[in-house]
>>> print(open('target_36.cif').read())   # mmCIF, C-alpha atoms
data_upload
#
loop_
_atom_site.label_atom_id
_atom_site.label_comp_id
_atom_site.auth_asym_id
_atom_site.auth_seq_id
_atom_site.Cartn_x
_atom_site.Cartn_y
_atom_site.Cartn_z
CA MET A 1 0.00 0.00 0.00
CA THR A 2 1.25 3.47 -0.85
CA LEU A 3 2.41 5.54 2.11
CA ARG A 4 3.39 9.14 2.63
CA ARG A 5 5.11 11.07 5.41
CA GLU A 6 3.24 13.46 7.72
CA SER A 7 4.15 15.56 10.79
CA PRO A 8 4.88 13.97 14.21
CA GLY A 9 1.78 11.80 13.71
CA GLY A 10 4.05 9.95 11.33
CA LEU A 11 3.37 7.72 8.35
CA VAL A 12 -0.21 7.85 7.13
CA ARG A 13 -2.05 5.50 4.79
CA LEU A 14 -3.56 7.47 1.90
CA GLN A 15 -6.69 5.36 2.27
CA LEU A 16 -7.23 6.75 5.77
CA VAL A 17 -6.97 10.34 4.59
CA GLY A 18 -9.60 9.47 1.99
CA ILE A 19 -11.84 8.19 4.76
CA GLY A 20 -11.45 11.50 6.60
CA LEU A 21 -12.41 13.48 3.50
CA ALA A 22 -15.38 11.23 2.94
CA GLY A 23 -16.44 11.97 6.50
CA ALA A 24 -16.29 15.67 5.75
CA LEU A 25 -18.60 15.15 2.77
CA VAL A 26 -21.02 13.19 4.91
CA LEU A 27 -21.21 16.04 7.39
CA THR A 28 -22.08 18.59 4.72
CA GLY A 29 -24.78 16.68 2.83
CA CYS A 30 -27.82 18.09 1.03
CA SER A 31 -31.47 17.11 0.96
CA ASP A 32 -33.36 16.00 -2.15
CA ASP A 33 -34.44 19.56 -2.89
CA GLY A 34 -30.84 20.77 -2.96
CA LYS A 35 -31.03 22.66 0.32
CA PRO A 36 -28.43 22.02 3.03
CA SER A 37 -29.46 19.19 5.33
CA ASP A 38 -28.02 17.50 8.40
CA ASP A 39 -29.92 14.24 7.84
CA LEU A 40 -26.82 12.40 6.60
CA GLN A 41 -25.01 13.24 9.80
CA ILE A 42 -27.14 10.91 11.90
CA VAL A 43 -25.77 7.40 12.43
CA LYS A 44 -28.00 4.40 11.79
CA ASP A 45 -28.61 3.89 15.50
CA PRO A 46 -29.41 7.38 16.92
CA VAL A 47 -28.23 6.41 20.39
CA ALA A 48 -24.83 7.35 21.77
CA ALA A 49 -22.42 4.45 22.22
CA THR A 50 -21.65 3.36 25.77
CA ALA A 51 -19.08 1.10 27.42
CA PRO A 52 -19.65 -2.60 26.65
CA VAL A 53 -20.53 -4.65 29.72
CA SER A 54 -17.55 -6.45 31.22
CA PRO A 55 -17.49 -10.14 32.11
CA ALA A 56 -16.29 -11.33 35.50
CA THR A 57 -12.54 -10.93 35.84
CA ALA A 58 -10.61 -13.99 34.64
CA ALA A 59 -7.15 -12.78 35.68
CA LYS A 60 -5.79 -11.06 38.77
CA PRO A 61 -5.63 -7.29 38.21
CA ALA A 62 -2.09 -6.01 37.77
CA GLY A 63 -0.53 -3.67 40.34
CA ARG A 64 -2.45 -2.85 43.48
CA VAL A 65 -6.15 -2.24 44.06
CA LEU A 66 -7.52 0.33 46.51
CA PRO A 67 -11.10 -0.08 47.75
CA ALA A 68 -13.71 2.27 46.29
CA ALA A 69 -17.35 2.34 45.26
CA GLY A 70 -18.33 2.63 41.60
CA VAL A 71 -16.00 5.02 39.75
CA THR A 72 -17.48 7.34 37.10
CA ALA A 73 -14.38 9.41 36.16
CA MET A 74 -10.71 9.89 37.05
CA ALA A 75 -8.00 12.52 36.63
CA MET A 76 -4.44 13.06 37.79
CA ASP A 77 -2.86 16.30 38.96
CA ALA A 78 0.92 15.92 38.77
CA SER A 79 1.58 19.35 40.31
CA THR A 80 0.00 18.37 43.64
CA ARG A 81 0.56 14.59 43.32
CA THR A 82 -3.19 13.99 43.61
CA LEU A 83 -5.30 11.25 42.05
CA VAL A 84 -8.90 12.50 41.73
CA VAL A 85 -11.61 9.83 41.60
CA ALA A 86 -15.32 10.51 41.08
CA LEU A 87 -17.48 8.10 43.08
CA ALA A 88 -21.08 7.35 42.16
CA GLU A 89 -22.76 6.56 45.47
CA PRO A 90 -22.82 8.72 47.42
CA PRO A 91 -21.61 11.30 44.85
CA ALA A 92 -18.18 12.54 45.86
CA LEU A 93 -14.64 13.24 44.72
CA ARG A 94 -12.01 11.08 46.41
CA LEU A 95 -8.59 12.72 46.64
CA VAL A 96 -5.74 10.22 46.90
CA ASP A 97 -2.16 11.30 47.65
CA LEU A 98 -0.07 9.48 45.06
CA ASP A 99 2.98 9.48 47.31
CA THR A 100 1.08 7.92 50.24
CA PRO A 101 -1.76 5.93 48.64
CA ASP A 102 -2.39 3.91 51.81
CA ALA A 103 -3.19 7.01 53.83
CA ALA A 104 -6.85 7.79 54.49
CA PRO A 105 -8.27 9.54 51.39
CA ARG A 106 -10.24 12.76 51.54
CA ASP A 107 -13.79 12.66 50.15
CA VAL A 108 -15.47 15.84 48.91
CA PRO A 109 -19.30 15.43 48.77
CA LEU A 110 -20.96 16.64 45.57
CA ALA A 111 -24.50 17.50 44.49
CA GLY A 112 -24.71 14.62 42.01
CA PRO A 113 -22.72 12.02 40.07
CA VAL A 114 -19.79 13.25 37.98
CA GLU A 115 -19.50 12.45 34.28
CA ARG A 116 -16.08 13.93 33.47
CA LEU A 117 -13.05 15.40 35.24
CA THR A 118 -10.41 17.77 33.89
CA VAL A 119 -7.40 19.09 35.77
CA SER A 120 -5.54 22.34 35.26
CA GLY A 121 -3.14 24.26 37.50
CA GLY A 122 -3.96 22.57 40.81
CA GLN A 123 -7.71 22.62 40.24
CA VAL A 124 -10.12 19.95 39.05
CA VAL A 125 -13.34 20.70 37.17
CA ALA A 126 -16.09 18.11 37.62
CA SER A 127 -19.16 18.02 35.37
CA ILE A 128 -22.48 17.16 37.04
CA PRO A 129 -25.07 17.12 34.21
CA SER A 130 -28.01 15.98 36.35
CA LYS A 131 -27.68 19.08 38.53
CA SER A 132 -26.80 21.61 35.79
CA GLN A 133 -23.58 22.24 37.63
CA LEU A 134 -19.81 22.20 37.42
CA ALA A 135 -17.79 21.76 40.58
CA ARG A 136 -14.40 23.40 40.86
CA VAL A 137 -12.26 21.77 43.53
CA ALA A 138 -8.89 23.16 44.64
CA LEU A 139 -6.14 20.56 45.08
CA PRO A 140 -4.98 19.12 47.38
CA ALA A 141 -7.11 21.06 49.91
CA GLY A 142 -10.44 19.90 48.47
CA THR A 143 -12.10 23.33 48.66
CA LEU A 144 -15.34 23.17 46.68
CA ALA A 145 -16.77 25.96 44.50
CA PRO A 146 -20.01 25.02 42.65
CA PHE A 147 -20.67 26.71 39.32
CA GLU A 148 -24.16 26.77 37.80
CA VAL A 149 -24.64 26.13 34.06
CA ALA A 150 -27.86 26.33 32.03
CA GLY A 151 -28.54 22.83 30.76
CA GLN A 152 -26.51 19.63 31.13
CA PRO A 153 -22.76 20.36 31.27
CA ALA A 154 -21.03 17.21 30.01
CA ALA A 155 -17.49 18.59 30.37
CA GLY A 156 -15.68 21.73 31.45
CA ARG A 157 -12.12 22.63 30.49
CA GLU A 158 -9.90 25.55 31.46
CA ALA A 159 -8.32 27.30 28.47
CA GLY A 160 -6.18 30.21 29.60
CA ASN A 161 -8.49 32.66 31.37
CA GLN A 162 -11.57 31.04 29.89
CA LEU A 163 -13.68 28.09 30.94
CA LEU A 164 -15.09 26.12 28.01
CA VAL A 165 -18.18 24.06 28.81
CA ALA A 166 -19.72 21.44 26.52
CA VAL A 167 -23.48 21.58 27.21
CA ARG A 168 -25.05 18.38 25.93
CA ASP A 169 -28.77 19.15 25.75
CA ARG A 170 -28.29 22.69 24.40
CA LYS A 171 -25.89 21.40 21.72
CA ALA A 172 -23.54 24.23 22.53
CA LEU A 173 -20.12 25.24 23.77
CA ASP A 174 -20.47 27.90 26.47
CA VAL A 175 -17.54 30.25 27.04
CA PHE A 176 -17.08 31.76 30.50
CA ASP A 177 -14.58 34.47 31.39
CA GLY A 178 -14.16 35.37 35.05
CA GLY A 179 -17.28 33.37 35.88
CA LYS A 180 -19.39 35.32 33.36
CA LEU A 181 -20.94 33.74 30.28
CA THR A 182 -19.50 35.66 27.32
CA ARG A 183 -20.88 33.56 24.46
CA SER A 184 -22.66 30.34 23.59
CA ILE A 185 -21.49 28.67 20.37
CA SER A 186 -23.81 26.28 18.54
CA GLY A 187 -24.59 24.92 15.08
CA LYS A 188 -24.09 21.47 13.47
CA ILE A 189 -23.58 19.80 16.87
CA TYR A 190 -26.31 17.42 18.04
CA SER A 191 -24.79 16.51 21.42
CA ALA A 192 -21.87 18.39 22.99
CA ASP A 193 -20.24 15.63 25.04
CA ASP A 194 -16.65 16.78 25.50
CA VAL A 195 -14.34 19.66 24.63
CA ILE A 196 -10.65 19.15 23.87
CA THR A 197 -8.05 21.88 23.44
CA THR A 198 -4.66 21.37 21.81
CA GLY A 199 -2.17 23.55 19.98
CA GLY A 200 -4.48 26.56 20.05
CA SER A 201 -7.36 24.55 18.53
CA THR A 202 -10.66 23.58 20.13
CA VAL A 203 -12.60 20.44 19.20
CA VAL A 204 -16.00 19.24 20.44
CA LEU A 205 -16.85 15.54 20.57
CA ASP A 206 -20.41 14.68 19.55
CA ARG A 207 -21.31 11.16 20.69
CA LEU A 208 -24.78 11.13 19.16
CA ARG A 209 -23.45 12.17 15.76
CA THR A 210 -20.25 10.15 16.45
CA ALA A 211 -18.18 13.03 15.09
CA VAL A 212 -15.69 15.72 16.03
CA PHE A 213 -16.20 19.40 15.22
CA ALA A 214 -13.64 22.21 15.07
CA VAL A 215 -14.77 25.32 16.98
CA ASP A 216 -13.40 28.82 16.48
CA VAL A 217 -13.90 30.20 19.98
CA ALA A 218 -12.79 33.73 19.11
CA ALA A 219 -15.18 33.94 16.15
CA GLY A 220 -17.94 32.07 17.95
CA THR A 221 -18.50 29.55 15.15
CA VAL A 222 -18.59 25.79 14.67
CA SER A 223 -16.42 24.90 11.68
CA GLU A 224 -15.99 21.65 9.78
CA GLY A 225 -16.85 18.28 11.26
CA LEU A 226 -15.65 14.75 10.58
CA ARG A 227 -17.17 11.38 11.34
CA ALA A 228 -15.31 9.58 14.12
CA GLY A 229 -16.15 5.97 13.36
CA ASP A 230 -19.52 4.44 14.16
CA GLY A 231 -19.63 4.98 17.91
CA ALA A 232 -17.22 7.57 19.31
CA THR A 233 -17.24 7.70 23.10
CA ASN A 234 -14.18 9.44 24.56
CA ALA A 235 -11.34 11.67 23.44
CA THR A 236 -8.10 13.27 24.59
CA ALA A 237 -5.26 15.37 23.17
CA ASP A 238 -1.86 13.83 22.47
CA GLY A 239 1.56 15.48 22.41
CA PHE A 240 1.50 16.24 18.68
CA GLY A 241 -1.48 18.59 18.47
CA ARG A 242 -3.86 15.77 17.59
CA VAL A 243 -7.13 14.56 19.12
CA LEU A 244 -7.36 10.82 19.86
CA VAL A 245 -10.85 9.29 19.84
CA THR A 246 -12.08 5.87 20.94
CA ASP A 247 -14.59 4.35 18.51
CA THR A 248 -16.31 1.82 20.76
CA ARG A 249 -18.77 0.35 18.27
CA ASP A 250 -16.24 -0.35 15.53
CA GLY A 251 -13.31 -1.04 17.88
CA ALA A 252 -10.76 1.53 16.77
CA LEU A 253 -8.40 4.25 17.98
CA ILE A 254 -8.68 7.28 15.68
CA ALA A 255 -6.28 10.23 15.44
CA PHE A 256 -7.30 13.63 14.04
CA SER A 257 -5.06 16.56 13.25
CA THR A 258 -6.69 19.84 14.27
CA ASN A 259 -5.27 22.43 11.89
CA PRO A 260 -6.79 21.45 9.56
CA LEU A 261 -9.22 18.91 11.00
CA LEU A 262 -8.34 15.65 9.21
CA MET A 263 -8.39 11.97 10.09
CA ARG A 264 -4.74 10.87 10.15
CA GLN A 265 -4.93 7.36 11.60
CA ARG A 266 -7.55 4.70 12.27
CA TYR A 267 -6.14 1.70 14.11
CA PRO A 268 -8.22 -1.40 14.99
CA VAL A 269 -8.42 -2.16 18.72
CA PRO A 270 -10.85 -5.03 19.45
CA GLY A 271 -12.16 -5.78 22.92
CA GLY A 272 -14.50 -2.89 23.72
CA ILE A 273 -12.21 0.13 23.59
CA TYR A 274 -13.66 2.89 25.78
CA GLY A 275 -11.64 4.96 28.27
CA ILE A 276 -8.57 6.91 27.15
CA THR A 277 -5.79 9.03 28.64
CA TYR A 278 -2.43 10.27 27.38
CA ASP A 279 1.08 10.36 28.86
CA THR A 280 2.84 13.28 27.15
CA LYS A 281 6.24 12.48 28.67
CA ARG A 282 6.28 8.93 27.24
CA ASN A 283 4.02 9.46 24.20
CA LEU A 284 1.72 6.68 25.37
CA ALA A 285 -2.01 6.54 24.79
CA TRP A 286 -3.65 4.30 27.39
CA VAL A 287 -7.05 2.80 26.50
CA THR A 288 -9.34 0.46 28.42
CA LEU A 289 -10.99 -2.60 26.89
CA THR A 290 -14.15 -3.27 28.86
CA GLU A 291 -15.06 -6.51 27.05
CA ARG A 292 -11.72 -7.98 28.16
CA ASN A 293 -11.05 -6.17 31.45
CA GLU A 294 -7.73 -4.88 30.14
CA VAL A 295 -5.80 -1.65 29.78
CA VAL A 296 -3.39 -1.21 26.87
CA GLY A 297 -0.61 1.33 26.33
CA PHE A 298 0.13 2.37 22.73
CA ASP A 299 3.16 4.35 21.56
CA VAL A 300 1.67 6.84 19.09
CA ARG A 301 4.84 8.44 17.72
CA GLY A 302 4.96 6.42 14.49
CA GLY A 303 2.80 5.82 11.45
CA GLU A 304 0.42 3.69 13.49
CA PRO A 305 0.04 2.94 17.21
CA THR A 306 2.44 0.32 18.58
CA GLU A 307 1.36 -1.73 21.57
CA LYS A 308 3.86 -1.45 24.45
CA TYR A 309 1.88 -2.63 27.48
CA ARG A 310 -1.20 -4.75 28.23
CA PHE A 311 -2.47 -5.44 31.74
CA ALA A 312 -5.42 -7.23 33.33
CA THR A 313 -7.72 -4.82 35.16
CA VAL A 314 -10.57 -4.66 37.62
CA ARG A 315 -14.02 -5.38 36.23
CA GLN A 316 -15.70 -2.71 34.07
CA PRO A 317 -12.63 -0.45 33.61
CA ASN A 318 -14.51 2.56 32.26
CA SER A 319 -12.07 5.17 33.63
CA VAL A 320 -8.33 5.60 33.23
CA THR A 321 -5.75 8.29 33.97
CA VAL A 322 -1.95 8.53 34.14
CA ASP A 323 0.69 10.18 36.33
CA GLU A 324 3.15 11.70 33.88
CA GLN A 325 5.85 12.06 36.52
CA THR A 326 6.13 8.35 37.30
CA GLY A 327 4.22 6.69 34.46
CA GLN A 328 1.79 5.08 36.90
CA VAL A 329 -1.60 4.28 35.38
CA ALA A 330 -4.81 4.31 37.42
CA VAL A 331 -7.93 2.43 36.35
CA GLY A 332 -11.37 2.78 37.95
CA SER A 333 -14.02 0.08 38.16
CA ALA A 334 -17.58 1.24 37.46
CA THR A 335 -18.94 -1.79 39.34
CA GLY A 336 -17.27 -1.10 42.69
CA GLU A 337 -14.20 -3.33 42.40
CA GLY A 338 -11.90 -0.48 43.31
CA ILE A 339 -9.13 1.80 42.03
CA GLN A 340 -6.25 0.00 40.38
CA VAL A 341 -2.76 1.53 40.29
CA ILE A 342 -0.19 0.03 37.88
CA ALA A 343 3.49 0.92 37.56
CA PRO A 344 4.46 -0.26 34.04
#
>>> encode(input="target_36.cif", output="structure tokens")
Amino acid sequence: MTLRRESPGGLVRLQLVGIGLAGALVLTGCSDDGKPSDDLQIVKDPVAATAPVSPATAAKPAGRVLPAAGVTAMAMDASTRTLVVALAEPPALRLVDLDTPDAAPRDVPLAGPVERLTVSGGQVVASIPSKSQLARVALPAGTLAPFEVAGQPAAGREAGNQLLVAVRDRKALDVFDGGKLTRSISGKIYSADDVITTGGSTVVLDRLRTAVFAVDVAAGTVSEGLRAGDGATNATADGFGRVLVTDTRDGALIAFSTNPLLMRQRYPVPGGIYGITYDTKRNLAWVTLTERNEVVGFDVRGGEPTEKYRFATVRQPNSVTVDEQTGQVAVGSATGEGIQVIAP
């Protein structure tokens, strides 16, 4: 097969670039009367993909397992050496000191269950869609500052002095500056499920449309969009200005450049790929496979991902995060089997 050289993403199959361009055409289709239409943007099954149900564990989980109730999200703050774990019942954030994991953790009660966590500058932002709220929590103190949002905030991410909030039901990206809503950006998006920033670019993940959309925050517009497989669920930024997406239905890890927005890689990963995190220091993308109760580390520096690590996990490993200082990987069980910490 013919190959060509790209930027740090590496060697790219021409066929995959063609797939990306085809996705762009799909997202700009027309109706029978010639007028612009979004009908072609809807996947066959208009239901967002979710994590496949895990079987009972067949192998002993690698590393060590700390007790915890069902985990809904995880994040790591290297600056304060804090592992942040969102617990489902009762809703709370558990703050674990990475240097003394056996010490009693600190739990911060929340108004409702957390869907997503993002960390920036010693602060974690927790999205609580059921309560139309974001929770800002200072680390490691655990000081809580609730933040009300109109609608269902699926994710909040700090970007300089701004807070970008993906609001699922309003199909919008809200932009806050100093706690004040300065603009709400919408158009083309059916479900704003996550917001990723990298290299000065902003991308919104749409699970219902199983697509990614470029957003010009300064201009207040949603730009081009590309299909992200047949069941995109989670996304993260890598160290090369790309956005990595897990396609759970088709079993693939997809890489998009952001300037311009193009599909650069689509690599098959069977086993129920779902959770994802990225280690910038080691250029490793860690993904969870819920159908196999495994976590896999891929080196993404080359023309296609190269598997470097594979470990058995706790049951239903929906959440994963990584400590870039030490390389430790933490996996959370959504069924209450605990928090797993692995040192590759």
>>> closest_residue(input="target_36.cif", among="A:Arg136, A:Arg116, A:Arg264, A:Arg249", to="Ala86 of chain A", atoms="only C-alpha atoms")
A:Arg116
>>> closest_residue(input="target_36.cif", among="A:Ala232, A:Ala159, A:Leu83, A:Ala237", to="Ile196 of chain A", atoms="all atoms listed in the file")
A:Ala237
>>> residues_around(input="target_36.cif", residues="segment 188-193 of chain A", least_positions_apart="4", cutoff="8 Å", atoms="all atoms listed in the file", output="short mmCIF file (atom, residue, chain, number, x, y, z; two decimals) with C-alpha atoms, keeping the file's coordinate frame")
data_model
loop_
_atom_site.label_atom_id
_atom_site.label_comp_id
_atom_site.auth_asym_id
_atom_site.auth_seq_id
_atom_site.Cartn_x
_atom_site.Cartn_y
_atom_site.Cartn_z
CA ASP A 38 -28.02 17.50 8.40
CA ALA A 154 -21.03 17.21 30.01
CA ALA A 155 -17.49 18.59 30.37
CA ALA A 166 -19.72 21.44 26.52
CA VAL A 167 -23.48 21.58 27.21
CA ARG A 168 -25.05 18.38 25.93
CA ASP A 169 -28.77 19.15 25.75
CA ARG A 170 -28.29 22.69 24.40
CA LYS A 171 -25.89 21.40 21.72
CA ALA A 172 -23.54 24.23 22.53
CA LEU A 173 -20.12 25.24 23.77
CA VAL A 204 -16.00 19.24 20.44
CA LEU A 205 -16.85 15.54 20.57
CA ASP A 206 -20.41 14.68 19.55
CA ARG A 207 -21.31 11.16 20.69
CA LEU A 208 -24.78 11.13 19.16
CA ARG A 209 -23.45 12.17 15.76
CA PHE A 213 -16.20 19.40 15.22
CA VAL A 222 -18.59 25.79 14.67
#
>>> closest_residue(input="target_36.cif", among="A:Gly332, A:Pro153, A:Gly121, A:Pro317", to="Leu139 of chain A", atoms="only C-alpha atoms")
A:Gly121
>>> resolve_selection(input="target_36.cif", expression="the PyMOL selection byres ((chain A and resi 124) around 10)", output="PyMOL selection string")
chain A and resi 75-77+84+93+117-123+125-127+135-140+142+144+156-158
>>> atom_distance(input="target_36.cif", atom1="atom CA of Lys281 of chain A", atom2="atom CA of Phe298 of chain A")
13.2 Å
>>> resolve_selection(input="target_36.cif", expression="the PyMOL selection byres ((chain A and resi 334) around 10)", output="MDAnalysis selection string")
chainID A and resid 54 68:73 87:88 314:319 331:333 335:339
>>> decode(input="target_36.cif", residues="segment 292-314 of chain A", atoms="N, CA, C and O atoms", output="PDB file, in the first residue's frame")
ATOM      1  N   ARG A 292     -12.801  -7.064  27.768  1.00  0.00           N
ATOM      2  CA  ARG A 292     -11.717  -7.977  28.158  1.00  0.00           C
ATOM      3  C   ARG A 292     -11.147  -7.673  29.534  1.00  0.00           C
ATOM      4  O   ARG A 292     -10.245  -8.388  29.991  1.00  0.00           O
ATOM      5  N   ASN A 293     -11.627  -6.590  30.170  1.00  0.00           N
ATOM      6  CA  ASN A 293     -11.047  -6.173  31.452  1.00  0.00           C
ATOM      7  C   ASN A 293      -9.531  -6.014  31.316  1.00  0.00           C
ATOM      8  O   ASN A 293      -8.740  -6.623  32.035  1.00  0.00           O
ATOM      9  N   GLU A 294      -9.152  -5.141  30.385  1.00  0.00           N
ATOM     10  CA  GLU A 294      -7.732  -4.884  30.138  1.00  0.00           C
ATOM     11  C   GLU A 294      -7.498  -3.387  29.926  1.00  0.00           C
ATOM     12  O   GLU A 294      -8.410  -2.645  29.559  1.00  0.00           O
ATOM     13  N   VAL A 295      -6.243  -2.981  30.147  1.00  0.00           N
ATOM     14  CA  VAL A 295      -5.797  -1.645  29.776  1.00  0.00           C
ATOM     15  C   VAL A 295      -4.547  -1.824  28.925  1.00  0.00           C
ATOM     16  O   VAL A 295      -3.683  -2.657  29.228  1.00  0.00           O
ATOM     17  N   VAL A 296      -4.471  -1.044  27.832  1.00  0.00           N
ATOM     18  CA  VAL A 296      -3.390  -1.207  26.867  1.00  0.00           C
ATOM     19  C   VAL A 296      -2.712   0.137  26.638  1.00  0.00           C
ATOM     20  O   VAL A 296      -3.388   1.168  26.485  1.00  0.00           O
ATOM     21  N   GLY A 297      -1.377   0.117  26.597  1.00  0.00           N
ATOM     22  CA  GLY A 297      -0.612   1.329  26.328  1.00  0.00           C
ATOM     23  C   GLY A 297      -0.027   1.285  24.933  1.00  0.00           C
ATOM     24  O   GLY A 297       0.704   0.350  24.588  1.00  0.00           O
ATOM     25  N   PHE A 298      -0.368   2.288  24.099  1.00  0.00           N
ATOM     26  CA  PHE A 298       0.130   2.374  22.726  1.00  0.00           C
ATOM     27  C   PHE A 298       1.091   3.544  22.582  1.00  0.00           C
ATOM     28  O   PHE A 298       0.765   4.676  22.968  1.00  0.00           O
ATOM     29  N   ASP A 299       2.259   3.284  21.978  1.00  0.00           N
ATOM     30  CA  ASP A 299       3.164   4.352  21.563  1.00  0.00           C
ATOM     31  C   ASP A 299       2.600   4.926  20.264  1.00  0.00           C
ATOM     32  O   ASP A 299       2.403   4.194  19.288  1.00  0.00           O
ATOM     33  N   VAL A 300       2.328   6.233  20.256  1.00  0.00           N
ATOM     34  CA  VAL A 300       1.667   6.837  19.090  1.00  0.00           C
ATOM     35  C   VAL A 300       2.596   7.757  18.294  1.00  0.00           C
ATOM     36  O   VAL A 300       2.140   8.606  17.535  1.00  0.00           O
ATOM     37  N   ARG A 301       3.904   7.568  18.422  1.00  0.00           N
ATOM     38  CA  ARG A 301       4.839   8.438  17.716  1.00  0.00           C
ATOM     39  C   ARG A 301       4.992   8.096  16.244  1.00  0.00           C
ATOM     40  O   ARG A 301       5.391   8.936  15.444  1.00  0.00           O
ATOM     41  N   GLY A 302       4.703   6.858  15.846  1.00  0.00           N
ATOM     42  CA  GLY A 302       4.962   6.418  14.489  1.00  0.00           C
ATOM     43  C   GLY A 302       3.775   6.515  13.567  1.00  0.00           C
ATOM     44  O   GLY A 302       2.794   7.213  13.836  1.00  0.00           O
ATOM     45  N   GLY A 303       3.851   5.774  12.458  1.00  0.00           N
ATOM     46  CA  GLY A 303       2.805   5.816  11.448  1.00  0.00           C
ATOM     47  C   GLY A 303       1.521   5.166  11.896  1.00  0.00           C
ATOM     48  O   GLY A 303       0.453   5.450  11.350  1.00  0.00           O
ATOM     49  N   GLU A 304       1.597   4.271  12.876  1.00  0.00           N
ATOM     50  CA  GLU A 304       0.417   3.690  13.486  1.00  0.00           C
ATOM     51  C   GLU A 304       0.762   3.342  14.929  1.00  0.00           C
ATOM     52  O   GLU A 304       1.938   3.179  15.282  1.00  0.00           O
ATOM     53  N   PRO A 305      -0.235   3.261  15.813  1.00  0.00           N
ATOM     54  CA  PRO A 305       0.039   2.940  17.211  1.00  0.00           C
ATOM     55  C   PRO A 305       0.770   1.601  17.346  1.00  0.00           C
ATOM     56  O   PRO A 305       0.488   0.656  16.600  1.00  0.00           O
ATOM     57  N   THR A 306       1.693   1.548  18.288  1.00  0.00           N
ATOM     58  CA  THR A 306       2.438   0.319  18.578  1.00  0.00           C
ATOM     59  C   THR A 306       2.175  -0.083  20.017  1.00  0.00           C
ATOM     60  O   THR A 306       2.430   0.696  20.943  1.00  0.00           O
ATOM     61  N   GLU A 307       1.666  -1.280  20.218  1.00  0.00           N
ATOM     62  CA  GLU A 307       1.364  -1.733  21.573  1.00  0.00           C
ATOM     63  C   GLU A 307       2.654  -1.940  22.378  1.00  0.00           C
ATOM     64  O   GLU A 307       3.568  -2.629  21.947  1.00  0.00           O
ATOM     65  N   LYS A 308       2.708  -1.326  23.560  1.00  0.00           N
ATOM     66  CA  LYS A 308       3.856  -1.449  24.452  1.00  0.00           C
ATOM     67  C   LYS A 308       3.504  -2.182  25.740  1.00  0.00           C
ATOM     68  O   LYS A 308       4.344  -2.877  26.311  1.00  0.00           O
ATOM     69  N   TYR A 309       2.285  -2.010  26.223  1.00  0.00           N
ATOM     70  CA  TYR A 309       1.881  -2.627  27.485  1.00  0.00           C
ATOM     71  C   TYR A 309       0.453  -3.143  27.377  1.00  0.00           C
ATOM     72  O   TYR A 309      -0.376  -2.567  26.668  1.00  0.00           O
ATOM     73  N   ARG A 310       0.166  -4.224  28.108  1.00  0.00           N
ATOM     74  CA  ARG A 310      -1.195  -4.745  28.229  1.00  0.00           C
ATOM     75  C   ARG A 310      -1.316  -5.403  29.606  1.00  0.00           C
ATOM     76  O   ARG A 310      -0.525  -6.284  29.951  1.00  0.00           O
ATOM     77  N   PHE A 311      -2.299  -4.945  30.387  1.00  0.00           N
ATOM     78  CA  PHE A 311      -2.465  -5.442  31.745  1.00  0.00           C
ATOM     79  C   PHE A 311      -3.912  -5.840  32.006  1.00  0.00           C
ATOM     80  O   PHE A 311      -4.847  -5.216  31.492  1.00  0.00           O
ATOM     81  N   ALA A 312      -4.092  -6.861  32.845  1.00  0.00           N
ATOM     82  CA  ALA A 312      -5.422  -7.227  33.328  1.00  0.00           C
ATOM     83  C   ALA A 312      -5.892  -6.171  34.319  1.00  0.00           C
ATOM     84  O   ALA A 312      -5.095  -5.628  35.098  1.00  0.00           O
ATOM     85  N   THR A 313      -7.190  -5.876  34.304  1.00  0.00           N
ATOM     86  CA  THR A 313      -7.721  -4.816  35.165  1.00  0.00           C
ATOM     87  C   THR A 313      -8.854  -5.333  36.038  1.00  0.00           C
ATOM     88  O   THR A 313      -9.279  -6.486  35.954  1.00  0.00           O
ATOM     89  N   VAL A 314      -9.342  -4.427  36.874  1.00  0.00           N
ATOM     90  CA  VAL A 314     -10.567  -4.662  37.623  1.00  0.00           C
ATOM     91  C   VAL A 314     -11.734  -4.742  36.628  1.00  0.00           C
ATOM     92  O   VAL A 314     -11.604  -4.362  35.468  1.00  0.00           O
TER      93      VAL A 314
END
